[in-house]
Amino acid sequence: MADTSTYQGSAARYLPVADHGLVGDLRTVALVGTNGTIDWYCCPSFDAPSVFAAILDADRGGAFELCAIAPARTKQFYFPDTNVLITRFFTEEGVGEIQDFMPVSESSEADRHRLIRRVVCVRGTIPFRARVAPRFGYAAQQHTVRMLDHVALFESEALSLALTATVPLECDGRDVRAEFRLTQGESEVFALDQVSGEVPPRGCPHAEAEREFTATVAFWRRWLSASRYRGRWREMVHRSALTLKLLTYAPTGAIVAAPTTSLPEHIGGERNWDYRYLWVRDAAFCVYALLRLGFTEEAAEFMSFLTERIDLRADRPSGPLQIMYGIDGRTDLPERRLPDLEGYQGSAPVRVGNAAADQLQLDIYGALIDSVYLYNKWGEPISSDLWNTVSDLVEWVCEHWNQPDEGVWETRGGRKNFLYSRLMCWVAIERAIRIARARGLPADVSHWGMVRDTIYQEIMRHGWSDTRQAFVQHEGDDVLDAAVLMMPLAKFISPTDPKWLSTLDALTEGLVSDSLVYRYDPRASPDGLRGVEGTFSICSFWYVEALTRAGRVEDARLAFEKMLTYANHLGLYAEQISHTGEQQGNFPQAFTHLALISAAFNLDRALG
């Protein structure tokens, strides 16, 4: 049994996961706490080793602290319609704020990264202090720091960073500190730059900081202006869209599942995973959400990224596709533990890499081909080469759909005949048939249709439990699974079919708690891991959409509004929500935000 006193003692040293915002440059992100501390930052990319990782080890992880010296209340918000984050400090003598942002280069070749922190006094007088304490390579690499013409140069074996500031910096041999006082209208600037090759570190004077701020604001507003969403909950939908864009790796078009690793699904548990990679399923669903809003460029980039990696000759457990890839397209993602980091609130292990990369998850083929179908419908007609690839994938699915697999939830308790995997194989074939018929493209539609219908009959006969009066997780058992909420969303079954309505009632009774939805019950369906988990937020938004499509619009609206109360102060969601309403798991999670967009879109349309 876990020693709960250890976790309780650690809690005071860690901000709640929800007490963070993030900024980024479409290559990596930094998490900024409501106390002004950056306690997660990987450079130069999402999946690079950390520079600041205090969120995983408050003592050894490293951080960029910047705060008012006087006792202060703090609040955070995003500069409207942007990913520029403002943290405000309210003291008895004045009000100050930190403007955090990362300039975005529109060139995919850019390899320099800059993190700018502008401190402003907006009322009265306020003293500030800064402490910059990088710990390179997940706090495993030693570094040196030296001052060069008012620039602090942090150097490690694999990475060098330069800190410049408009205030004097003091170096203690490992970290850099500063204290300064501002009065109304005054500001100071800190800039942390990646040192690249022979290019000398450059400063960031006030005028340059202002130019960078203006350009960054303009970039995000220009991007968001392409959104066609004009419905209710526009602010939440657009915040979700901006978050999904932040999780995009511009050089390749890859979309990471989340920008963090090992934030626990349960404090003290072992369900701690590295999500800084592209999951085919998550990214394909992201494409759906972004296409819904009118963002077609991201969909095109994702299609290009993935089609280059489909290998029908590959002899690997997952088939022609892996379930996940590195953001640069690499396939080797070995999982290892970092024993020197204690984990968030003492929740070990901390993992990097992900062993699930080698799993067979048949649902990814449906997610991918559905996104191709939607891109062909809402974006632009797909190319003949892409159609050939889709056709080959469908042929593979026709031959392999009836294998047991690890399923959508990546269980580590052995393969089973998961209903959701069967469902998404049906989707893969059905959507391909739609494309072929709409475009008159060559396809063995007769054969595809026979296999599609066979899968349909398999699900209806063996996925239904007379005992539960519901569709269940896998053949041969009566376990409920929130993944079946996708059945009407994928247009497999009518949302008002009696069998579906009975399933919806069973899920409501068995897995729903105050609009929050559990994926499944690990006690009833062992998944090979110890411990429990919270409710899964994407499932909660699927539930909203299922209620909407079933005609229970008022129930759906109430459930949706309740879900919005579980967002953090900036409208961000982690993967799960604990029984006390706390965000848990990696943060923020793309899966959750794309489901919010879809639920809001469909609920708004149903409300008229």
# chains A, B, ... in the order shown; residues from 1 in each chain; ligands from 1

$ residues_around --residues "segment 420-427 of chain A" --least-positions-apart "3" --cutoff "8 Å" --atoms "only C-alpha atoms" --output "ChimeraX atom specification"
/A:361-367,369-370,397,401-402,405,407-408,417,430-431,452,455-456,459,473,483-484,487,490,492

$ closest_atom_pairs --of "segment 57-173 of chain A" --to "segment 183-190 of chain A" --cutoff "12 Å" --atoms "only C-alpha atoms" --output "Markdown table"
| residue | atom | partner | partner_atom | distance |
| --- | --- | --- | --- | --- |
| A:Phe64 | CA | A:Phe190 | CA | 10.6 |
| A:Glu65 | CA | A:Phe190 | CA | 11.5 |
| A:Leu66 | CA | A:Phe190 | CA | 9.8 |
| A:Glu93 | CA | A:Thr183 | CA | 9.9 |
| A:Gly94 | CA | A:Gln184 | CA | 8.1 |
| A:Val95 | CA | A:Gln184 | CA | 8.5 |
| A:Gly96 | CA | A:Gln184 | CA | 8.5 |
| A:Glu97 | CA | A:Ser187 | CA | 9.4 |
| A:Ile98 | CA | A:Val189 | CA | 9.5 |
| A:Gln99 | CA | A:Val189 | CA | 9.4 |
| A:Asp100 | CA | A:Phe190 | CA | 9.8 |
| A:Phe101 | CA | A:Phe190 | CA | 11.1 |
| A:Met102 | CA | A:Phe190 | CA | 11.9 |
| A:Arg114 | CA | A:Phe190 | CA | 10.3 |
| A:Leu115 | CA | A:Phe190 | CA | 8.3 |
| A:Ile116 | CA | A:Phe190 | CA | 5.9 |
| A:Arg117 | CA | A:Phe190 | CA | 5.1 |
| A:Arg118 | CA | A:Val189 | CA | 4.5 |
| A:Val119 | CA | A:Glu188 | CA | 5.2 |
| A:Val120 | CA | A:Ser187 | CA | 4.3 |
| A:Cys121 | CA | A:Gln184 | CA | 5.0 |
| A:Val122 | CA | A:Gln184 | CA | 5.1 |
| A:Arg123 | CA | A:Gln184 | CA | 4.9 |
| A:Gly124 | CA | A:Gln184 | CA | 5.3 |
| A:Thr125 | CA | A:Thr183 | CA | 4.3 |
| A:Ile126 | CA | A:Thr183 | CA | 6.5 |
| A:Pro127 | CA | A:Thr183 | CA | 8.7 |
| A:Phe128 | CA | A:Glu188 | CA | 10.2 |
| A:Arg129 | CA | A:Glu188 | CA | 11.5 |
| A:Ala130 | CA | A:Phe190 | CA | 9.4 |
| A:Arg131 | CA | A:Phe190 | CA | 11.1 |
| A:Val132 | CA | A:Phe190 | CA | 10.2 |
| A:His150 | CA | A:Phe190 | CA | 12.0 |
| A:Val151 | CA | A:Phe190 | CA | 10.7 |
| A:Ala152 | CA | A:Phe190 | CA | 11.1 |
| A:Ala162 | CA | A:Phe190 | CA | 10.4 |
| A:Leu163 | CA | A:Phe190 | CA | 7.1 |
| A:Thr164 | CA | A:Phe190 | CA | 5.8 |
| A:Ala165 | CA | A:Phe190 | CA | 4.4 |
| A:Thr166 | CA | A:Val189 | CA | 5.5 |
| A:Val167 | CA | A:Glu188 | CA | 6.8 |
| A:Pro168 | CA | A:Glu188 | CA | 10.6 |
| A:Leu169 | CA | A:Phe190 | CA | 10.3 |

$ write_last_selection --atoms "C-alpha atoms" --output "PDB file, in the first residue's frame"
ATOM      1  CA  PHE A  64      12.405  29.848 -13.865  1.00  0.00           C
ATOM      2  CA  GLU A  65      10.941  31.714 -10.900  1.00  0.00           C
ATOM      3  CA  LEU A  66       9.644  35.260 -11.371  1.00  0.00           C
ATOM      4  CA  GLU A  93       1.455  48.713  -2.714  1.00  0.00           C
ATOM      5  CA  GLY A  94       0.786  48.023  -6.358  1.00  0.00           C
ATOM      6  CA  VAL A  95      -0.214  45.745  -9.203  1.00  0.00           C
ATOM      7  CA  GLY A  96       2.233  44.129 -11.566  1.00  0.00           C
ATOM      8  CA  GLU A  97       2.084  41.555 -14.317  1.00  0.00           C
ATOM      9  CA  ILE A  98       4.258  39.149 -16.265  1.00  0.00           C
ATOM     10  CA  GLN A  99       3.627  38.844 -19.984  1.00  0.00           C
ATOM     11  CA  ASP A 100       4.873  35.422 -21.115  1.00  0.00           C
ATOM     12  CA  PHE A 101       5.140  34.490 -24.769  1.00  0.00           C
ATOM     13  CA  MET A 102       7.266  32.674 -27.309  1.00  0.00           C
ATOM     14  CA  ARG A 114      13.086  32.336 -27.522  1.00  0.00           C
ATOM     15  CA  LEU A 115      11.075  32.613 -24.323  1.00  0.00           C
ATOM     16  CA  ILE A 116      10.278  36.219 -23.389  1.00  0.00           C
ATOM     17  CA  ARG A 117       9.057  37.334 -19.974  1.00  0.00           C
ATOM     18  CA  ARG A 118       8.150  41.017 -19.782  1.00  0.00           C
ATOM     19  CA  VAL A 119       7.433  42.367 -16.282  1.00  0.00           C
ATOM     20  CA  VAL A 120       5.254  45.475 -16.038  1.00  0.00           C
ATOM     21  CA  CYS A 121       4.042  47.587 -13.119  1.00  0.00           C
ATOM     22  CA  VAL A 122       0.553  48.827 -13.913  1.00  0.00           C
ATOM     23  CA  ARG A 123      -0.302  50.537 -10.581  1.00  0.00           C
ATOM     24  CA  GLY A 124       1.712  51.809  -7.629  1.00  0.00           C
ATOM     25  CA  THR A 125       5.090  50.263  -6.838  1.00  0.00           C
ATOM     26  CA  ILE A 126       6.024  46.611  -6.686  1.00  0.00           C
ATOM     27  CA  PRO A 127       9.301  44.728  -6.049  1.00  0.00           C
ATOM     28  CA  PHE A 128      10.128  41.572  -8.022  1.00  0.00           C
ATOM     29  CA  ARG A 129      12.682  38.816  -7.854  1.00  0.00           C
ATOM     30  CA  ALA A 130      13.834  36.264 -10.389  1.00  0.00           C
ATOM     31  CA  ARG A 131      15.714  32.989 -10.109  1.00  0.00           C
ATOM     32  CA  VAL A 132      16.663  31.065 -13.214  1.00  0.00           C
ATOM     33  CA  HIS A 150      25.697  40.988 -19.150  1.00  0.00           C
ATOM     34  CA  VAL A 151      24.533  37.705 -20.713  1.00  0.00           C
ATOM     35  CA  ALA A 152      24.256  34.588 -18.538  1.00  0.00           C
ATOM     36  CA  ALA A 162      21.496  32.394 -22.977  1.00  0.00           C
ATOM     37  CA  LEU A 163      19.619  34.575 -20.491  1.00  0.00           C
ATOM     38  CA  THR A 164      19.531  38.307 -21.104  1.00  0.00           C
ATOM     39  CA  ALA A 165      17.724  40.896 -19.031  1.00  0.00           C
ATOM     40  CA  THR A 166      17.276  44.650 -18.787  1.00  0.00           C
ATOM     41  CA  VAL A 167      18.143  44.400 -15.062  1.00  0.00           C
ATOM     42  CA  PRO A 168      21.492  43.384 -13.524  1.00  0.00           C
ATOM     43  CA  LEU A 169      21.959  39.632 -13.115  1.00  0.00           C
TER      44      LEU A 169
END

$ select_by_dssp --residues "segment 293-397 of chain A" --states "alpha helix (DSSP H)" --output "MDAnalysis selection string"
chainID A and resid 293 296:307 363:374 384:397

$ write_last_selection --atoms "N, CA and C atoms" --output "mmCIF file, in the first residue's frame"
data_model
loop_
_atom_site.group_PDB
_atom_site.id
_atom_site.type_symbol
_atom_site.label_atom_id
_atom_site.label_comp_id
_atom_site.auth_asym_id
_atom_site.auth_seq_id
_atom_site.Cartn_x
_atom_site.Cartn_y
_atom_site.Cartn_z
ATOM 1 N N LEU A 293 -14.046 23.756 -37.665
ATOM 2 C CA LEU A 293 -13.948 25.200 -37.445
ATOM 3 C C LEU A 293 -13.439 25.952 -38.672
ATOM 4 N N THR A 296 -8.164 24.197 -42.499
ATOM 5 C CA THR A 296 -7.839 23.109 -43.422
ATOM 6 C C THR A 296 -6.346 22.885 -43.562
ATOM 7 N N GLU A 297 -5.538 23.899 -43.324
ATOM 8 C CA GLU A 297 -4.089 23.761 -43.507
ATOM 9 C C GLU A 297 -3.519 22.704 -42.567
ATOM 10 N N GLU A 298 -3.970 22.714 -41.304
ATOM 11 C CA GLU A 298 -3.481 21.744 -40.330
ATOM 12 C C GLU A 298 -3.838 20.323 -40.763
ATOM 13 N N ALA A 299 -5.029 20.167 -41.341
ATOM 14 C CA ALA A 299 -5.449 18.842 -41.817
ATOM 15 C C ALA A 299 -4.540 18.369 -42.945
ATOM 16 N N ALA A 300 -4.216 19.258 -43.864
ATOM 17 C CA ALA A 300 -3.356 18.895 -44.991
ATOM 18 C C ALA A 300 -1.969 18.485 -44.503
ATOM 19 N N GLU A 301 -1.438 19.204 -43.524
ATOM 20 C CA GLU A 301 -0.114 18.881 -43.009
ATOM 21 C C GLU A 301 -0.110 17.527 -42.309
ATOM 22 N N PHE A 302 -1.176 17.234 -41.572
ATOM 23 C CA PHE A 302 -1.280 15.945 -40.898
ATOM 24 C C PHE A 302 -1.354 14.814 -41.915
ATOM 25 N N MET A 303 -2.172 15.002 -42.965
ATOM 26 C CA MET A 303 -2.282 13.980 -44.006
ATOM 27 C C MET A 303 -0.912 13.689 -44.613
ATOM 28 N N SER A 304 -0.178 14.736 -44.900
ATOM 29 C CA SER A 304 1.146 14.582 -45.500
ATOM 30 C C SER A 304 2.082 13.835 -44.562
ATOM 31 N N PHE A 305 2.066 14.213 -43.274
ATOM 32 C CA PHE A 305 2.928 13.564 -42.287
ATOM 33 C C PHE A 305 2.660 12.066 -42.228
ATOM 34 N N LEU A 306 1.381 11.714 -42.180
ATOM 35 C CA LEU A 306 1.039 10.320 -41.926
ATOM 36 C C LEU A 306 1.200 9.450 -43.163
ATOM 37 N N THR A 307 0.803 9.954 -44.323
ATOM 38 C CA THR A 307 0.881 9.125 -45.520
ATOM 39 C C THR A 307 2.324 8.769 -45.856
ATOM 40 N N ASP A 363 -8.366 0.429 -33.989
ATOM 41 C CA ASP A 363 -9.244 1.587 -34.174
ATOM 42 C C ASP A 363 -8.567 2.737 -34.897
ATOM 43 N N ILE A 364 -7.231 2.775 -34.886
ATOM 44 C CA ILE A 364 -6.547 3.919 -35.503
ATOM 45 C C ILE A 364 -6.832 4.003 -36.997
ATOM 46 N N TYR A 365 -7.122 2.871 -37.625
ATOM 47 C CA TYR A 365 -7.373 2.891 -39.066
ATOM 48 C C TYR A 365 -8.698 3.572 -39.380
ATOM 49 N N GLY A 366 -9.676 3.368 -38.518
ATOM 50 C CA GLY A 366 -10.936 4.073 -38.690
ATOM 51 C C GLY A 366 -10.795 5.561 -38.450
ATOM 52 N N ALA A 367 -10.048 5.921 -37.400
ATOM 53 C CA ALA A 367 -9.845 7.337 -37.101
ATOM 54 C C ALA A 367 -9.157 8.039 -38.261
ATOM 55 N N LEU A 368 -8.133 7.387 -38.819
ATOM 56 C CA LEU A 368 -7.393 7.995 -39.918
ATOM 57 C C LEU A 368 -8.259 8.149 -41.165
ATOM 58 N N ILE A 369 -8.919 7.068 -41.579
ATOM 59 C CA ILE A 369 -9.681 7.138 -42.831
ATOM 60 C C ILE A 369 -10.904 8.043 -42.676
ATOM 61 N N ASP A 370 -11.460 8.136 -41.479
ATOM 62 C CA ASP A 370 -12.541 9.096 -41.239
ATOM 63 C C ASP A 370 -12.034 10.518 -41.434
ATOM 64 N N SER A 371 -10.812 10.796 -40.971
ATOM 65 C CA SER A 371 -10.265 12.139 -41.151
ATOM 66 C C SER A 371 -9.991 12.419 -42.629
ATOM 67 N N VAL A 372 -9.569 11.389 -43.387
ATOM 68 C CA VAL A 372 -9.391 11.555 -44.832
ATOM 69 C C VAL A 372 -10.736 11.861 -45.494
ATOM 70 N N TYR A 373 -11.763 11.132 -45.093
ATOM 71 C CA TYR A 373 -13.109 11.358 -45.628
ATOM 72 C C TYR A 373 -13.564 12.795 -45.370
ATOM 73 N N LEU A 374 -13.351 13.274 -44.143
ATOM 74 C CA LEU A 374 -13.790 14.627 -43.810
ATOM 75 C C LEU A 374 -12.958 15.679 -44.529
ATOM 76 N N SER A 384 -4.898 11.307 -56.030
ATOM 77 C CA SER A 384 -4.955 9.904 -56.447
ATOM 78 C C SER A 384 -3.985 9.055 -55.639
ATOM 79 N N ASP A 385 -2.815 9.605 -55.301
ATOM 80 C CA ASP A 385 -1.851 8.859 -54.490
ATOM 81 C C ASP A 385 -2.416 8.563 -53.105
ATOM 82 N N LEU A 386 -3.073 9.566 -52.494
ATOM 83 C CA LEU A 386 -3.654 9.337 -51.181
ATOM 84 C C LEU A 386 -4.770 8.303 -51.270
ATOM 85 N N TRP A 387 -5.564 8.356 -52.336
ATOM 86 C CA TRP A 387 -6.626 7.365 -52.483
ATOM 87 C C TRP A 387 -6.046 5.957 -52.614
ATOM 88 N N ASN A 388 -4.959 5.817 -53.352
ATOM 89 C CA ASN A 388 -4.324 4.504 -53.471
ATOM 90 C C ASN A 388 -3.882 3.988 -52.103
ATOM 91 N N THR A 389 -3.340 4.894 -51.293
ATOM 92 C CA THR A 389 -2.920 4.515 -49.948
ATOM 93 C C THR A 389 -4.114 4.098 -49.104
ATOM 94 N N VAL A 390 -5.191 4.881 -49.160
ATOM 95 C CA VAL A 390 -6.407 4.551 -48.416
ATOM 96 C C VAL A 390 -6.932 3.177 -48.849
ATOM 97 N N SER A 391 -6.950 2.923 -50.145
ATOM 98 C CA SER A 391 -7.450 1.649 -50.653
ATOM 99 C C SER A 391 -6.630 0.484 -50.104
ATOM 100 N N ASP A 392 -5.314 0.661 -50.083
ATOM 101 C CA ASP A 392 -4.456 -0.397 -49.553
ATOM 102 C C ASP A 392 -4.710 -0.623 -48.064
ATOM 103 N N LEU A 393 -4.920 0.470 -47.323
ATOM 104 C CA LEU A 393 -5.218 0.339 -45.895
ATOM 105 C C LEU A 393 -6.543 -0.391 -45.673
ATOM 106 N N VAL A 394 -7.535 -0.074 -46.492
ATOM 107 C CA VAL A 394 -8.834 -0.730 -46.348
ATOM 108 C C VAL A 394 -8.703 -2.224 -46.629
ATOM 109 N N GLU A 395 -7.934 -2.576 -47.624
ATOM 110 C CA GLU A 395 -7.711 -3.990 -47.905
ATOM 111 C C GLU A 395 -7.059 -4.677 -46.701
ATOM 112 N N TRP A 396 -6.119 -3.991 -46.063
ATOM 113 C CA TRP A 396 -5.471 -4.559 -44.874
ATOM 114 C C TRP A 396 -6.486 -4.726 -43.743
ATOM 115 N N VAL A 397 -7.329 -3.722 -43.546
ATOM 116 C CA VAL A 397 -8.352 -3.804 -42.499
ATOM 117 C C VAL A 397 -9.314 -4.956 -42.782
#

$ closest_residue --among "A:Asp47, A:Glu582, A:Asp57, A:Glu155" --to "Gln345 of chain A" --atoms "only C-alpha atoms"
A:Asp57

$ closest_atom_pairs --of "segment 475-589 of chain A" --to "segment 222-232 of chain A" --cutoff "12 Å" --atoms "only C-alpha atoms" --output "Markdown table"
| residue | atom | partner | partner_atom | distance |
| --- | --- | --- | --- | --- |
| A:Arg557 | CA | A:Arg232 | CA | 11.1 |
| A:Phe560 | CA | A:Arg232 | CA | 11.7 |
| A:Glu561 | CA | A:Arg232 | CA | 11.3 |

$ select_by_dssp --residues "segment 361-604 of chain A" --states "strand (DSSP E or B)" --output "ChimeraX atom specification"
/A:405,416,418,464-465,470-471,474,512-513,516-517,535-536,576-577,583-584

$ closest_residue --among "A:Asp175, A:Arg309, A:Asp328, A:Arg271" --to "Ala48 of chain A" --atoms "only C-alpha atoms"
A:Asp328

$ residues_around --residues "Phe219 of chain A" --least-positions-apart "5" --cutoff "12 Å" --atoms "only C-alpha atoms" --output "VMD selection string"
chain A and resid 25 to 26 81 to 84 101 to 106 212 to 214 224 to 226 242 245

$ closest_residue --among "A:Ser598, A:Thr503, A:Thr74, A:Gln589" --to "Asp481 of chain A" --atoms "only C-alpha atoms"
A:Thr503

$ closest_residue --among "A:Val553, A:Arg439, A:Glu458, A:Asp477" --to "Lys416 of chain A" --atoms "only C-alpha atoms"
A:Asp477

$ atom_distance --atom1 "atom CA of Thr87 of chain A" --atom2 "atom CA of Asn35 of chain A"
7.9 Å

$ closest_residue --among "A:Tyr14, A:Phe90, A:Tyr325, A:Trp409" --to "Val280 of chain A" --atoms "only C-alpha atoms"
A:Tyr325

$ decode --residues "segment 326-353 of chain A" --atoms "N, CA and C atoms" --output "short mmCIF file (atom, residue, chain, number, x, y, z; two decimals), in the first residue's frame"
data_model
loop_
_atom_site.label_atom_id
_atom_site.label_comp_id
_atom_site.auth_asym_id
_atom_site.auth_seq_id
_atom_site.Cartn_x
_atom_site.Cartn_y
_atom_site.Cartn_z
N GLY A 326 7.15 9.65 -33.19
CA GLY A 326 7.81 10.85 -32.71
C GLY A 326 7.39 12.03 -33.57
N ILE A 327 7.52 13.22 -33.05
CA ILE A 327 7.06 14.39 -33.80
C ILE A 327 7.85 14.62 -35.08
N ASP A 328 9.03 14.01 -35.16
CA ASP A 328 9.81 14.07 -36.39
C ASP A 328 9.57 12.86 -37.28
N GLY A 329 8.65 11.99 -36.89
CA GLY A 329 8.31 10.81 -37.67
C GLY A 329 9.01 9.54 -37.26
N ARG A 330 9.89 9.60 -36.29
CA ARG A 330 10.62 8.38 -35.91
C ARG A 330 9.67 7.37 -35.29
N THR A 331 10.06 6.10 -35.45
CA THR A 331 9.20 5.01 -34.98
C THR A 331 9.69 4.38 -33.69
N ASP A 332 10.93 4.63 -33.33
CA ASP A 332 11.52 4.02 -32.14
C ASP A 332 11.33 4.94 -30.94
N LEU A 333 10.46 4.54 -30.01
CA LEU A 333 10.13 5.36 -28.85
C LEU A 333 10.32 4.54 -27.57
N PRO A 334 11.54 4.08 -27.30
CA PRO A 334 11.76 3.20 -26.15
C PRO A 334 11.36 3.86 -24.84
N GLU A 335 10.68 3.11 -23.99
CA GLU A 335 10.22 3.63 -22.71
C GLU A 335 11.26 3.34 -21.62
N ARG A 336 11.59 4.36 -20.84
CA ARG A 336 12.49 4.17 -19.72
C ARG A 336 12.04 5.03 -18.54
N ARG A 337 12.55 4.69 -17.38
CA ARG A 337 12.20 5.42 -16.17
C ARG A 337 13.35 6.34 -15.76
N LEU A 338 12.99 7.46 -15.14
CA LEU A 338 13.97 8.42 -14.64
C LEU A 338 13.96 8.35 -13.12
N PRO A 339 14.78 7.52 -12.53
CA PRO A 339 14.69 7.28 -11.07
C PRO A 339 15.11 8.47 -10.23
N ASP A 340 15.82 9.44 -10.81
CA ASP A 340 16.29 10.57 -10.01
C ASP A 340 15.23 11.65 -9.82
N LEU A 341 14.11 11.55 -10.53
CA LEU A 341 13.02 12.50 -10.34
C LEU A 341 11.93 11.85 -9.52
N GLU A 342 11.44 12.56 -8.50
CA GLU A 342 10.48 11.95 -7.57
C GLU A 342 9.08 11.84 -8.15
N GLY A 343 8.79 12.59 -9.22
CA GLY A 343 7.45 12.59 -9.78
C GLY A 343 6.57 13.64 -9.12
N TYR A 344 5.52 14.06 -9.82
CA TYR A 344 4.60 15.07 -9.30
C TYR A 344 4.00 14.61 -7.98
N GLN A 345 4.20 15.41 -6.94
CA GLN A 345 3.73 15.08 -5.58
C GLN A 345 4.19 13.68 -5.15
N GLY A 346 5.40 13.31 -5.57
CA GLY A 346 5.94 12.02 -5.17
C GLY A 346 5.40 10.84 -5.94
N SER A 347 4.75 11.09 -7.07
CA SER A 347 4.14 10.00 -7.85
C SER A 347 5.13 9.46 -8.87
N ALA A 348 5.85 8.43 -8.47
CA ALA A 348 6.79 7.78 -9.36
C ALA A 348 6.10 6.55 -9.98
N PRO A 349 6.58 6.07 -11.13
CA PRO A 349 7.80 6.51 -11.82
C PRO A 349 7.55 7.66 -12.79
N VAL A 350 8.64 8.37 -13.09
CA VAL A 350 8.64 9.32 -14.20
C VAL A 350 9.14 8.56 -15.42
N ARG A 351 8.37 8.59 -16.48
CA ARG A 351 8.73 7.86 -17.70
C ARG A 351 8.98 8.80 -18.86
N VAL A 352 9.90 8.43 -19.74
CA VAL A 352 10.05 9.06 -21.04
C VAL A 352 10.05 7.95 -22.08
N GLY A 353 9.53 8.25 -23.26
CA GLY A 353 9.27 7.21 -24.23
C GLY A 353 7.96 6.52 -23.91
#
